[in-house]
$ cat my_file.cif   # mmCIF, C-alpha atoms
data_query
loop_
_atom_site.group_PDB
_atom_site.id
_atom_site.type_symbol
_atom_site.label_atom_id
_atom_site.label_comp_id
_atom_site.auth_asym_id
_atom_site.auth_seq_id
_atom_site.Cartn_x
_atom_site.Cartn_y
_atom_site.Cartn_z
ATOM 1 C CA MET A 1 -198.709 155.624 -102.005
ATOM 2 C CA LEU A 2 -201.211 156.436 -104.763
ATOM 3 C CA SER A 3 -203.610 153.723 -105.947
ATOM 4 C CA LYS A 4 -203.408 152.442 -109.514
ATOM 5 C CA THR A 5 -206.626 154.281 -110.507
ATOM 6 C CA THR A 6 -205.416 157.552 -108.956
ATOM 7 C CA GLU A 7 -202.075 157.217 -110.733
ATOM 8 C CA VAL A 8 -203.789 156.614 -114.086
ATOM 9 C CA ASN A 9 -206.123 159.598 -113.583
ATOM 10 C CA LYS A 10 -203.163 161.794 -112.633
ATOM 11 C CA ASN A 11 -201.347 160.786 -115.820
ATOM 12 C CA LEU A 12 -204.481 161.393 -117.896
ATOM 13 C CA ILE A 13 -204.645 164.961 -116.574
ATOM 14 C CA ILE A 14 -200.920 165.446 -117.329
ATOM 15 C CA LEU A 15 -201.412 164.105 -120.870
ATOM 16 C CA HIS A 16 -204.396 166.375 -121.558
ATOM 17 C CA LEU A 17 -202.409 169.384 -120.289
ATOM 18 C CA THR A 18 -199.461 168.324 -122.464
ATOM 19 C CA VAL A 19 -201.625 168.030 -125.589
ATOM 20 C CA PHE A 20 -203.204 171.406 -124.739
ATOM 21 C CA VAL A 21 -199.687 172.911 -124.572
ATOM 22 C CA TRP A 22 -198.827 171.355 -127.948
ATOM 23 C CA GLY A 23 -201.982 172.967 -129.342
ATOM 24 C CA PHE A 24 -200.672 176.307 -128.046
ATOM 25 C CA THR A 25 -197.563 175.940 -130.260
ATOM 26 C CA GLY A 26 -199.472 177.181 -133.297
ATOM 27 C CA ILE A 27 -200.636 180.283 -131.417
ATOM 28 C CA LEU A 28 -197.046 181.171 -130.523
ATOM 29 C CA GLY A 29 -195.989 180.580 -134.137
ATOM 30 C CA ALA A 30 -198.550 183.159 -135.267
ATOM 31 C CA LEU A 31 -197.567 185.650 -132.541
ATOM 32 C CA ILE A 32 -193.793 185.516 -133.165
ATOM 33 C CA SER A 33 -192.905 188.055 -135.855
ATOM 34 C CA ILE A 34 -189.631 186.628 -137.243
ATOM 35 C CA PRO A 35 -189.639 184.292 -140.325
ATOM 36 C CA ALA A 36 -190.321 180.560 -139.895
ATOM 37 C CA THR A 37 -186.736 179.346 -140.408
ATOM 38 C CA GLN A 38 -185.259 181.790 -137.889
ATOM 39 C CA LEU A 39 -188.083 180.950 -135.479
ATOM 40 C CA VAL A 40 -187.213 177.243 -135.654
ATOM 41 C CA TRP A 41 -183.494 178.027 -135.184
ATOM 42 C CA TYR A 42 -184.239 179.768 -131.881
ATOM 43 C CA ARG A 43 -186.831 177.204 -130.801
ATOM 44 C CA VAL A 44 -184.516 174.230 -131.309
ATOM 45 C CA LEU A 45 -181.576 175.986 -129.631
ATOM 46 C CA ILE A 46 -183.636 176.798 -126.530
ATOM 47 C CA ALA A 47 -185.169 173.302 -126.496
ATOM 48 C CA PHE A 48 -181.970 171.262 -126.627
ATOM 49 C CA VAL A 49 -180.198 173.527 -124.114
ATOM 50 C CA THR A 50 -183.166 173.062 -121.750
ATOM 51 C CA LEU A 51 -183.133 169.291 -122.304
ATOM 52 C CA PHE A 52 -179.388 169.217 -121.651
ATOM 53 C CA ALA A 53 -179.973 170.965 -118.317
ATOM 54 C CA TYR A 54 -182.710 168.416 -117.532
ATOM 55 C CA PHE A 55 -180.327 165.519 -118.234
ATOM 56 C CA LYS A 56 -177.612 167.029 -116.061
ATOM 57 C CA ILE A 57 -179.978 167.671 -113.136
ATOM 58 C CA SER A 58 -181.489 164.173 -113.490
ATOM 59 C CA LYS A 59 -178.000 162.657 -113.981
ATOM 60 C CA ILE A 60 -179.158 160.790 -117.081
ATOM 61 C CA PRO A 61 -176.223 159.618 -119.251
ATOM 62 C CA LEU A 62 -176.184 161.045 -122.762
ATOM 63 C CA LYS A 63 -173.619 158.765 -124.373
ATOM 64 C CA VAL A 64 -174.620 156.911 -127.567
ATOM 65 C CA SER A 65 -172.642 155.101 -130.252
ATOM 66 C CA ARG A 66 -171.378 156.972 -133.319
ATOM 67 C CA ILE A 67 -173.798 155.097 -135.598
ATOM 68 C CA VAL A 68 -176.780 155.956 -133.389
ATOM 69 C CA PHE A 69 -175.670 159.588 -133.172
ATOM 70 C CA LEU A 70 -175.437 159.862 -136.974
ATOM 71 C CA LYS A 71 -178.881 158.265 -137.451
ATOM 72 C CA LEU A 72 -180.474 160.698 -134.995
ATOM 73 C CA PHE A 73 -178.455 163.634 -136.319
ATOM 74 C CA PHE A 74 -179.684 163.093 -139.896
ATOM 75 C CA THR A 75 -183.254 162.430 -138.716
ATOM 76 C CA GLY A 76 -182.973 165.870 -137.091
ATOM 77 C CA ALA A 77 -182.874 167.379 -140.595
ATOM 78 C CA ILE A 78 -186.395 166.014 -141.219
ATOM 79 C CA VAL A 79 -187.550 167.264 -137.805
ATOM 80 C CA GLY A 80 -186.193 170.746 -138.576
ATOM 81 C CA LEU A 81 -187.855 170.778 -142.003
ATOM 82 C CA HIS A 82 -191.165 169.687 -140.443
ATOM 83 C CA TRP A 83 -191.127 172.604 -137.982
ATOM 84 C CA ILE A 84 -190.082 175.168 -140.606
ATOM 85 C CA LEU A 85 -192.931 174.081 -142.905
ATOM 86 C CA PHE A 86 -195.348 174.006 -139.962
ATOM 87 C CA PHE A 87 -194.648 177.608 -138.959
ATOM 88 C CA GLN A 88 -194.480 178.747 -142.588
ATOM 89 C CA SER A 89 -197.921 177.222 -143.096
ATOM 90 C CA ILE A 90 -199.251 179.266 -140.157
ATOM 91 C CA LYS A 91 -197.710 182.460 -141.535
ATOM 92 C CA SER A 92 -199.101 181.718 -145.028
ATOM 93 C CA SER A 93 -202.619 180.811 -143.847
ATOM 94 C CA THR A 94 -204.055 180.444 -140.332
ATOM 95 C CA VAL A 95 -203.487 178.316 -137.236
ATOM 96 C CA SER A 96 -206.719 176.395 -137.878
ATOM 97 C CA VAL A 97 -205.803 175.532 -141.489
ATOM 98 C CA THR A 98 -202.312 174.398 -140.466
ATOM 99 C CA LEU A 99 -203.493 172.185 -137.594
ATOM 100 C CA VAL A 100 -206.135 170.465 -139.720
ATOM 101 C CA CYS A 101 -203.536 169.837 -142.462
ATOM 102 C CA LEU A 102 -201.182 168.413 -139.834
ATOM 103 C CA SER A 103 -203.893 165.884 -138.965
ATOM 104 C CA SER A 104 -203.168 164.226 -142.334
ATOM 105 C CA LEU A 105 -200.206 162.674 -140.477
ATOM 106 C CA THR A 106 -202.505 159.651 -139.977
ATOM 107 C CA LEU A 107 -202.949 159.325 -143.745
ATOM 108 C CA PHE A 108 -199.240 159.523 -144.543
ATOM 109 C CA THR A 109 -198.314 157.094 -141.763
ATOM 110 C CA ALA A 110 -200.931 154.577 -142.911
ATOM 111 C CA ILE A 111 -199.356 154.621 -146.389
ATOM 112 C CA LEU A 112 -195.651 154.959 -145.536
ATOM 113 C CA GLU A 113 -195.257 152.704 -142.480
ATOM 114 C CA PRO A 114 -196.043 149.461 -144.354
ATOM 115 C CA ILE A 115 -193.621 150.552 -147.117
ATOM 116 C CA PHE A 116 -190.818 151.274 -144.615
ATOM 117 C CA LYS A 117 -191.460 147.979 -142.796
ATOM 118 C CA GLN A 118 -192.074 146.041 -146.025
ATOM 119 C CA GLN A 119 -195.592 145.069 -144.968
ATOM 120 C CA LYS A 120 -198.855 144.886 -146.854
ATOM 121 C CA ILE A 121 -201.043 148.021 -146.735
ATOM 122 C CA SER A 122 -204.385 147.059 -145.161
ATOM 123 C CA VAL A 123 -207.684 147.724 -146.931
ATOM 124 C CA PHE A 124 -208.915 149.533 -143.806
ATOM 125 C CA ASP A 125 -205.942 151.938 -143.971
ATOM 126 C CA ILE A 126 -206.659 152.638 -147.661
ATOM 127 C CA ILE A 127 -210.320 153.424 -146.872
ATOM 128 C CA THR A 128 -209.268 155.667 -143.966
ATOM 129 C CA GLY A 129 -206.772 157.482 -146.185
ATOM 130 C CA SER A 130 -209.384 157.985 -148.894
ATOM 131 C CA ILE A 131 -211.796 159.613 -146.412
ATOM 132 C CA ILE A 132 -209.044 161.963 -145.183
ATOM 133 C CA ILE A 133 -208.222 162.881 -148.813
ATOM 134 C CA ILE A 134 -211.902 163.869 -149.318
ATOM 135 C CA GLY A 135 -211.618 166.173 -146.277
ATOM 136 C CA ILE A 136 -208.377 167.708 -147.564
ATOM 137 C CA TYR A 137 -209.926 168.222 -151.021
ATOM 138 C CA MET A 138 -212.860 170.067 -149.456
ATOM 139 C CA ILE A 139 -210.499 172.390 -147.580
ATOM 140 C CA PHE A 140 -208.537 173.049 -150.795
ATOM 141 C CA THR A 141 -211.792 173.815 -152.638
ATOM 142 C CA PHE A 142 -213.335 176.144 -150.077
ATOM 143 C CA GLU A 143 -210.140 177.813 -148.803
ATOM 144 C CA SER A 144 -208.224 178.280 -152.092
ATOM 145 C CA ARG A 145 -206.876 181.626 -150.811
ATOM 146 C CA TYR A 146 -204.753 179.565 -148.408
ATOM 147 C CA THR A 147 -203.436 177.097 -151.010
ATOM 148 C CA GLU A 148 -199.786 177.906 -150.228
ATOM 149 C CA GLY A 149 -200.328 177.411 -146.493
ATOM 150 C CA ILE A 150 -202.228 174.154 -147.087
ATOM 151 C CA ILE A 151 -199.366 172.779 -149.209
ATOM 152 C CA TYR A 152 -196.810 173.712 -146.539
ATOM 153 C CA GLY A 153 -199.022 172.100 -143.885
ATOM 154 C CA LEU A 154 -199.399 168.845 -145.834
ATOM 155 C CA ILE A 155 -195.644 168.556 -146.543
ATOM 156 C CA SER A 156 -195.017 169.296 -142.855
ATOM 157 C CA ALA A 157 -197.328 166.388 -141.958
ATOM 158 C CA LEU A 158 -195.452 164.158 -144.434
ATOM 159 C CA CYS A 159 -192.125 165.015 -142.736
ATOM 160 C CA ALA A 160 -193.658 164.345 -139.308
ATOM 161 C CA SER A 161 -194.859 160.966 -140.533
ATOM 162 C CA ILE A 162 -191.391 160.012 -141.818
ATOM 163 C CA PHE A 163 -189.506 160.883 -138.637
ATOM 164 C CA SER A 164 -192.244 159.291 -136.476
ATOM 165 C CA ILE A 165 -191.811 156.013 -138.356
ATOM 166 C CA ILE A 166 -188.031 156.244 -137.963
ATOM 167 C CA ASN A 167 -188.416 156.988 -134.240
ATOM 168 C CA SER A 168 -190.814 154.066 -133.742
ATOM 169 C CA LYS A 169 -187.830 151.834 -134.506
ATOM 170 C CA GLN A 170 -185.327 153.869 -132.470
ATOM 171 C CA ILE A 171 -187.570 153.863 -129.371
ATOM 172 C CA GLN A 172 -187.236 150.062 -129.144
ATOM 173 C CA SER A 173 -183.626 150.304 -127.996
ATOM 174 C CA ARG A 174 -183.135 153.737 -126.352
ATOM 175 C CA PRO A 175 -185.015 156.279 -124.205
ATOM 176 C CA ALA A 176 -187.252 158.792 -125.980
ATOM 177 C CA PRO A 177 -185.614 161.890 -124.361
ATOM 178 C CA ILE A 178 -182.212 160.770 -125.714
ATOM 179 C CA ILE A 179 -183.680 160.424 -129.207
ATOM 180 C CA SER A 180 -185.252 163.858 -128.943
ATOM 181 C CA PHE A 181 -182.058 165.488 -127.640
ATOM 182 C CA TYR A 182 -179.821 164.342 -130.498
ATOM 183 C CA GLU A 183 -182.489 165.000 -133.123
ATOM 184 C CA LEU A 184 -182.855 168.540 -131.775
ATOM 185 C CA ILE A 185 -179.091 169.041 -132.059
ATOM 186 C CA GLY A 186 -179.225 167.703 -135.618
ATOM 187 C CA ALA A 187 -182.149 169.982 -136.470
ATOM 188 C CA TRP A 188 -180.306 173.023 -135.097
ATOM 189 C CA VAL A 189 -177.111 172.247 -137.041
ATOM 190 C CA TRP A 190 -178.987 171.653 -140.321
ATOM 191 C CA VAL A 191 -181.074 174.808 -139.930
ATOM 192 C CA SER A 192 -177.886 176.740 -139.055
ATOM 193 C CA LEU A 193 -176.203 175.492 -142.251
ATOM 194 C CA TYR A 194 -179.249 176.468 -144.303
ATOM 195 C CA LEU A 195 -179.250 179.984 -142.824
ATOM 196 C CA LEU A 196 -175.507 180.266 -143.516
ATOM 197 C CA ILE A 197 -175.882 179.207 -147.167
ATOM 198 C CA THR A 198 -178.906 181.440 -147.779
ATOM 199 C CA ASP A 199 -177.465 184.412 -145.887
ATOM 200 C CA GLY A 200 -180.245 184.036 -143.314
ATOM 201 C CA TYR A 201 -178.234 185.551 -140.448
ATOM 202 C CA THR A 202 -179.530 189.021 -141.191
ATOM 203 C CA ALA A 203 -181.780 191.567 -139.510
ATOM 204 C CA SER A 204 -184.543 188.912 -139.479
ATOM 205 C CA MET A 205 -182.684 187.201 -136.596
ATOM 206 C CA LYS A 206 -183.208 190.232 -134.353
ATOM 207 C CA LEU A 207 -185.796 189.729 -131.630
ATOM 208 C CA ASN A 208 -188.016 192.232 -129.905
ATOM 209 C CA PHE A 209 -188.959 191.642 -126.256
ATOM 210 C CA SER A 210 -192.285 189.910 -127.000
ATOM 211 C CA ASP A 211 -190.649 187.576 -129.562
ATOM 212 C CA LEU A 212 -188.026 186.605 -126.981
ATOM 213 C CA MET A 213 -190.675 185.836 -124.341
ATOM 214 C CA TYR A 214 -192.781 183.805 -126.772
ATOM 215 C CA LEU A 215 -189.715 181.863 -127.940
ATOM 216 C CA LEU A 216 -188.701 181.050 -124.370
ATOM 217 C CA VAL A 217 -192.185 179.635 -123.722
ATOM 218 C CA LEU A 218 -192.116 177.789 -127.061
ATOM 219 C CA GLY A 219 -188.665 176.280 -126.491
ATOM 220 C CA THR A 220 -189.054 175.344 -122.813
ATOM 221 C CA VAL A 221 -192.731 174.741 -121.974
ATOM 222 C CA CYS A 222 -194.059 173.718 -125.425
ATOM 223 C CA THR A 223 -191.033 171.671 -126.491
ATOM 224 C CA SER A 224 -188.755 170.352 -123.728
ATOM 225 C CA LEU A 225 -191.162 170.245 -120.766
ATOM 226 C CA ALA A 226 -194.126 169.019 -122.813
ATOM 227 C CA TYR A 227 -191.997 166.336 -124.462
ATOM 228 C CA VAL A 228 -190.669 164.987 -121.148
ATOM 229 C CA ALA A 229 -194.206 165.039 -119.676
ATOM 230 C CA GLY A 230 -195.617 163.304 -122.753
ATOM 231 C CA VAL A 231 -193.049 160.514 -122.430
ATOM 232 C CA SER A 232 -193.492 160.080 -118.659
ATOM 233 C CA VAL A 233 -197.222 159.279 -118.877
ATOM 234 C CA MET A 234 -196.490 156.276 -121.090
ATOM 235 C CA LYS A 235 -195.425 154.367 -117.963
ATOM 236 C CA GLU A 236 -199.072 154.162 -116.864
ATOM 237 C CA LEU A 237 -201.117 154.745 -120.034
ATOM 238 C CA SER A 238 -201.363 152.481 -123.067
ATOM 239 C CA ALA A 239 -199.994 153.638 -126.430
ATOM 240 C CA PHE A 240 -203.583 153.480 -127.767
ATOM 241 C CA ARG A 241 -204.890 155.816 -125.062
ATOM 242 C CA VAL A 242 -202.009 158.234 -125.606
ATOM 243 C CA ALA A 243 -202.598 158.263 -129.385
ATOM 244 C CA LEU A 244 -206.331 158.869 -128.939
ATOM 245 C CA ILE A 245 -205.852 161.838 -126.586
ATOM 246 C CA THR A 246 -203.031 163.259 -128.741
ATOM 247 C CA ASN A 247 -205.602 163.571 -131.552
ATOM 248 C CA LEU A 248 -207.150 166.398 -129.511
ATOM 249 C CA GLU A 249 -204.190 168.671 -130.376
ATOM 250 C CA PRO A 250 -205.820 170.278 -133.460
ATOM 251 C CA VAL A 251 -209.108 170.649 -131.552
ATOM 252 C CA TYR A 252 -207.408 172.468 -128.667
ATOM 253 C CA GLY A 253 -205.359 174.511 -131.140
ATOM 254 C CA ILE A 254 -208.402 175.628 -133.163
ATOM 255 C CA ILE A 255 -210.280 176.627 -129.993
ATOM 256 C CA LEU A 256 -207.249 178.607 -128.777
ATOM 257 C CA ALA A 257 -206.923 180.258 -132.197
ATOM 258 C CA PHE A 258 -210.517 181.496 -131.953
ATOM 259 C CA ILE A 259 -209.848 182.874 -128.465
ATOM 260 C CA PHE A 260 -206.650 184.681 -129.489
ATOM 261 C CA PHE A 261 -207.388 185.777 -133.056
ATOM 262 C CA GLY A 262 -211.186 185.839 -133.369
ATOM 263 C CA LYS A 263 -212.444 186.696 -136.873
ATOM 264 C CA ARG A 264 -208.992 186.162 -138.372
ATOM 265 C CA GLU A 265 -209.516 182.419 -137.788
ATOM 266 C CA GLN A 266 -213.091 182.365 -139.126
ATOM 267 C CA MET A 267 -213.431 179.997 -142.096
ATOM 268 C CA THR A 268 -216.084 178.996 -144.642
ATOM 269 C CA PRO A 269 -218.627 176.236 -143.824
ATOM 270 C CA GLY A 270 -216.805 174.065 -146.391
ATOM 271 C CA PHE A 271 -213.614 174.258 -144.333
ATOM 272 C CA TYR A 272 -215.396 173.102 -141.184
ATOM 273 C CA ALA A 273 -217.086 170.272 -143.080
ATOM 274 C CA GLY A 274 -213.701 169.102 -144.399
ATOM 275 C CA ALA A 275 -212.083 169.533 -140.959
ATOM 276 C CA LEU A 276 -214.896 167.526 -139.346
ATOM 277 C CA ILE A 277 -214.357 164.677 -141.828
ATOM 278 C CA ILE A 278 -210.595 164.610 -141.134
ATOM 279 C CA LEU A 279 -210.806 164.958 -137.328
ATOM 280 C CA SER A 280 -213.643 162.410 -137.027
ATOM 281 C CA THR A 281 -211.636 159.950 -139.090
ATOM 282 C CA ILE A 282 -208.459 160.297 -137.025
ATOM 283 C CA PHE A 283 -210.477 159.745 -133.838
ATOM 284 C CA ILE A 284 -212.363 156.716 -135.164
ATOM 285 C CA TYR A 285 -209.269 155.179 -136.835
ATOM 286 C CA PRO A 286 -207.399 154.088 -133.651
ATOM 287 C CA VAL A 287 -210.648 152.867 -132.019
ATOM 288 C CA ILE A 288 -211.471 150.505 -134.906
ATOM 289 C CA LYS A 289 -207.792 149.531 -135.267
ATOM 290 C CA ASN A 290 -207.630 148.629 -131.577
ATOM 291 C CA ARG A 291 -210.811 146.519 -131.771
ATOM 292 C CA LYS A 292 -209.465 144.675 -134.831
ATOM 293 C CA ARG A 293 -206.276 143.798 -132.900
ATOM 294 C CA LYS A 294 -208.349 142.425 -129.992
ATOM 295 C CA ILE A 295 -210.410 140.259 -132.369
ATOM 296 C CA ILE A 296 -207.224 138.926 -134.014
#

$ encode --input "my_file.cif" --output "structure tokens"
Amino acid sequence: MLSKTTEVNKNLIILHLTVFVWGFTGILGALISIPATQLVWYRVLIAFVTLFAYFKISKIPLKVSRIVFLKLFFTGAIVGLHWILFFQSIKSSTVSVTLVCLSSLTLFTAILEPIFKQQKISVFDIITGSIIIIGIYMIFTFESRYTEGIIYGLISALCASIFSIINSKQIQSRPAPIISFYELIGAWVWVSLYLLITDGYTASMKLNFSDLMYLLVLGTVCTSLAYVAGVSVMKELSAFRVALITNLEPVYGIILAFIFFGKREQMTPGFYAGALIILSTIFIYPVIKNRKRKII
């Protein structure tokens, strides 16, 4: 039997690998040639089919009440929109720009969570948000050629913040994989309806061999497998530790983007200054927040 320290270290390695895989999502989004909406349609389909197989093999019951199903199903619309905007941001700018914009999730959550929960917004959260806004403004100023991609990335982060807040309530009464499964189904149905209305089932749905391979990796390894692994480590690691390590996703993603795309991902010094402000803030934020809780 593994000691407690060994078990924690094992889970830390799994979490770092999981976050690294999440960082690889942006690379796949740039490599896949089909439009963002069609890409998400395939990704979600592969992901929920893979999760369904996982549940069947693990003999985990999938039954939920009608009310719970409807809540998760409609939340899936926000999840689907988040992913479409995320991949559209990559296709309209670069992986690095998109991942830094996605880091503004901390800002949106700091503002929206107290509103959703009818709580007072803390002064510390306002200061943190203001610093992140300065970083975003710098990126807008120095990378104006990517304005469209930046806007998509910021709205994507807003959507991620909304469904994360919703899920923080859902997770109190049901397993995370169940939440993910029904939200993925909801996302797939909503994206399917959108494609039907907009006549999206056209030649843009056709996949070449490389697109198919990338999508299979995206749907299985980067979505289903990474999600299950990310949830499993929470048995041994604190939510604070998980949140802190998860903040490495844009760092891993930017490094991978340089490796895969080289000069295409090269930005102005102003971009890196803005990115440094945002990433430093999201790393420092949970540390200070955690210390404040201990003092209280």

$ closest_residue --input "my_file.cif" --among "A:Phe142, A:Ser122, A:Phe20, A:Val49" --to "Gly253 of chain A" --atoms "all atoms listed in the file"
A:Phe20

$ atom_distance --input "my_file.cif" --atom1 "atom CA of Leu279 of chain A" --atom2 "atom CA of Gly80 of chain A"
25.3 Å

$ residues_around --input "my_file.cif" --residues "Phe74 of chain A" --least-positions-apart "5" --cutoff "10 Å" --atoms "all atoms listed in the file" --output "list in words"
Phe69, Val79, Tyr182, Glu183, Ile185, Gly186, Ala187, Val189 and Trp190 of chain A

$ residues_around --input "my_file.cif" --residues "segment 150-161 of chain A" --least-positions-apart "3" --cutoff "10 Å" --atoms "all atoms listed in the file" --output "PyMOL selection string"
chain A and resi 77-90+92-94+97-113+136+139-140+143-147+164-167

$ closest_residue --input "my_file.cif" --among "A:Thr268, A:Thr223, A:Gln172, A:Thr6" --to "Thr18 of chain A" --atoms "all atoms listed in the file"
A:Thr223

$ closest_residue --input "my_file.cif" --among "A:Ile171, A:Leu225, A:Val19, A:Ile57" --to "Pro250 of chain A" --atoms "all atoms listed in the file"
A:Val19

$ resolve_selection --input "my_file.cif" --expression "the PyMOL selection byres ((chain A and resi 226-228) around 10)" --output "PDB file with C-alpha atoms, keeping the file's coordinate frame"
ATOM      1  CA  ILE A  14    -200.920 165.446-117.329  1.00  0.00           C
ATOM      2  CA  LEU A  15    -201.412 164.105-120.870  1.00  0.00           C
ATOM      3  CA  LEU A  17    -202.409 169.384-120.289  1.00  0.00           C
ATOM      4  CA  THR A  18    -199.461 168.324-122.464  1.00  0.00           C
ATOM      5  CA  VAL A  19    -201.625 168.030-125.589  1.00  0.00           C
ATOM      6  CA  PHE A  20    -203.204 171.406-124.739  1.00  0.00           C
ATOM      7  CA  VAL A  21    -199.687 172.911-124.572  1.00  0.00           C
ATOM      8  CA  TRP A  22    -198.827 171.355-127.948  1.00  0.00           C
ATOM      9  CA  ALA A  47    -185.169 173.302-126.496  1.00  0.00           C
ATOM     10  CA  LEU A  51    -183.133 169.291-122.304  1.00  0.00           C
ATOM     11  CA  TYR A  54    -182.710 168.416-117.532  1.00  0.00           C
ATOM     12  CA  ALA A 176    -187.252 158.792-125.980  1.00  0.00           C
ATOM     13  CA  PRO A 177    -185.614 161.890-124.361  1.00  0.00           C
ATOM     14  CA  SER A 180    -185.252 163.858-128.943  1.00  0.00           C
ATOM     15  CA  LEU A 218    -192.116 177.789-127.061  1.00  0.00           C
ATOM     16  CA  GLY A 219    -188.665 176.280-126.491  1.00  0.00           C
ATOM     17  CA  THR A 220    -189.054 175.344-122.813  1.00  0.00           C
ATOM     18  CA  VAL A 221    -192.731 174.741-121.974  1.00  0.00           C
ATOM     19  CA  CYS A 222    -194.059 173.718-125.425  1.00  0.00           C
ATOM     20  CA  THR A 223    -191.033 171.671-126.491  1.00  0.00           C
ATOM     21  CA  SER A 224    -188.755 170.352-123.728  1.00  0.00           C
ATOM     22  CA  LEU A 225    -191.162 170.245-120.766  1.00  0.00           C
ATOM     23  CA  ALA A 229    -194.206 165.039-119.676  1.00  0.00           C
ATOM     24  CA  GLY A 230    -195.617 163.304-122.753  1.00  0.00           C
ATOM     25  CA  VAL A 231    -193.049 160.514-122.430  1.00  0.00           C
ATOM     26  CA  SER A 232    -193.492 160.080-118.659  1.00  0.00           C
ATOM     27  CA  VAL A 233    -197.222 159.279-118.877  1.00  0.00           C
TER      28      VAL A 233
END

$ axis_aligned_box --input "my_file.cif" --around "segment 11-29 of chain A" --padding-each-side "3 Å" --output "lines of an AutoDock Vina configuration file"
center_x = -200.3
center_y = 171.0
center_z = -125.0
size_x = 14.7
size_y = 26.4
size_z = 24.3

$ residues_around --input "my_file.cif" --residues "Ile132 of chain A" --least-positions-apart "3" --cutoff "6 Å" --atoms "all atoms listed in the file" --output "list in words"
Gly129, Gly135 and Ile278 of chain A

$ resolve_selection --input "my_file.cif" --expression "the PyMOL selection byres ((chain A and resi 205) around 9)" --output "list in words"
Ile34, Pro35, Gln38, Leu39, Tyr42, Gly200, Tyr201, Thr202, Ala203, Ser204, Lys206 and Leu207 of chain A

$ closest_residue --input "my_file.cif" --among "A:Tyr137, A:Leu195, A:Arg174, A:Ile288" --to "Ala36 of chain A" --atoms "all atoms listed in the file"
A:Leu195

$ atom_distance --input "my_file.cif" --atom1 "atom CA of Gly23 of chain A" --atom2 "atom CA of Tyr252 of chain A"
5.5 Å

$ atom_distance --input "my_file.cif" --atom1 "atom CA of Phe52 of chain A" --atom2 "atom CA of Ile197 of chain A"
27.6 Å

$ closest_residue --input "my_file.cif" --among "A:Ile179, A:Ile255, A:Leu45, A:Val191" --to "Lys71 of chain A" --atoms "only C-alpha atoms"
A:Ile179

$ closest_residue --input "my_file.cif" --among "A:Val95, A:Ile162, A:Ile13, A:Ile178" --to "Pro61 of chain A" --atoms "all atoms listed in the file"
A:Ile178

$ resolve_selection --input "my_file.cif" --expression "the PyMOL selection byres ((chain A and resi 213) around 12)" --output "list in words"
Leu28, Leu31, Ile32, Ser33, Tyr42, Arg43, Ile46, Leu207, Asn208, Phe209, Ser210, Asp211, Leu212, Tyr214, Leu215, Leu216, Val217, Leu218, Gly219, Thr220 and Val221 of chain A

$ decode --input "my_file.cif" --residues "segment 184-196 of chain A" --atoms "N, CA and C atoms" --output "PDB file, in the first residue's frame"
ATOM      1  N   LEU A 184     -22.202  17.647 -21.774  1.00  0.00           N
ATOM      2  CA  LEU A 184     -21.671  17.352 -23.101  1.00  0.00           C
ATOM      3  C   LEU A 184     -22.795  16.975 -24.072  1.00  0.00           C
ATOM      4  N   ILE A 185     -23.747  16.190 -23.593  1.00  0.00           N
ATOM      5  CA  ILE A 185     -24.907  15.844 -24.428  1.00  0.00           C
ATOM      6  C   ILE A 185     -25.665  17.117 -24.798  1.00  0.00           C
ATOM      7  N   GLY A 186     -25.901  17.969 -23.794  1.00  0.00           N
ATOM      8  CA  GLY A 186     -26.592  19.234 -24.047  1.00  0.00           C
ATOM      9  C   GLY A 186     -25.844  20.089 -25.055  1.00  0.00           C
ATOM     10  N   ALA A 187     -24.527  20.185 -24.884  1.00  0.00           N
ATOM     11  CA  ALA A 187     -23.706  20.977 -25.810  1.00  0.00           C
ATOM     12  C   ALA A 187     -23.828  20.444 -27.231  1.00  0.00           C
ATOM     13  N   TRP A 188     -23.790  19.121 -27.378  1.00  0.00           N
ATOM     14  CA  TRP A 188     -23.862  18.511 -28.712  1.00  0.00           C
ATOM     15  C   TRP A 188     -25.220  18.783 -29.376  1.00  0.00           C
ATOM     16  N   VAL A 189     -26.290  18.659 -28.600  1.00  0.00           N
ATOM     17  CA  VAL A 189     -27.637  18.903 -29.140  1.00  0.00           C
ATOM     18  C   VAL A 189     -27.786  20.363 -29.562  1.00  0.00           C
ATOM     19  N   TRP A 190     -27.341  21.297 -28.714  1.00  0.00           N
ATOM     20  CA  TRP A 190     -27.476  22.723 -29.030  1.00  0.00           C
ATOM     21  C   TRP A 190     -26.636  23.112 -30.235  1.00  0.00           C
ATOM     22  N   VAL A 191     -25.420  22.588 -30.310  1.00  0.00           N
ATOM     23  CA  VAL A 191     -24.568  22.871 -31.475  1.00  0.00           C
ATOM     24  C   VAL A 191     -25.175  22.259 -32.731  1.00  0.00           C
ATOM     25  N   SER A 192     -25.762  21.059 -32.595  1.00  0.00           N
ATOM     26  CA  SER A 192     -26.419  20.396 -33.737  1.00  0.00           C
ATOM     27  C   SER A 192     -27.575  21.230 -34.258  1.00  0.00           C
ATOM     28  N   LEU A 193     -28.379  21.783 -33.333  1.00  0.00           N
ATOM     29  CA  LEU A 193     -29.514  22.638 -33.725  1.00  0.00           C
ATOM     30  C   LEU A 193     -29.024  23.897 -34.436  1.00  0.00           C
ATOM     31  N   TYR A 194     -27.950  24.474 -33.919  1.00  0.00           N
ATOM     32  CA  TYR A 194     -27.384  25.678 -34.540  1.00  0.00           C
ATOM     33  C   TYR A 194     -26.914  25.377 -35.969  1.00  0.00           C
ATOM     34  N   LEU A 195     -26.228  24.260 -36.142  1.00  0.00           N
ATOM     35  CA  LEU A 195     -25.753  23.879 -37.481  1.00  0.00           C
ATOM     36  C   LEU A 195     -26.923  23.620 -38.426  1.00  0.00           C
ATOM     37  N   LEU A 196     -28.005  23.046 -37.889  1.00  0.00           N
ATOM     38  CA  LEU A 196     -29.195  22.771 -38.701  1.00  0.00           C
ATOM     39  C   LEU A 196     -29.847  24.070 -39.161  1.00  0.00           C
TER      40      LEU A 196
END
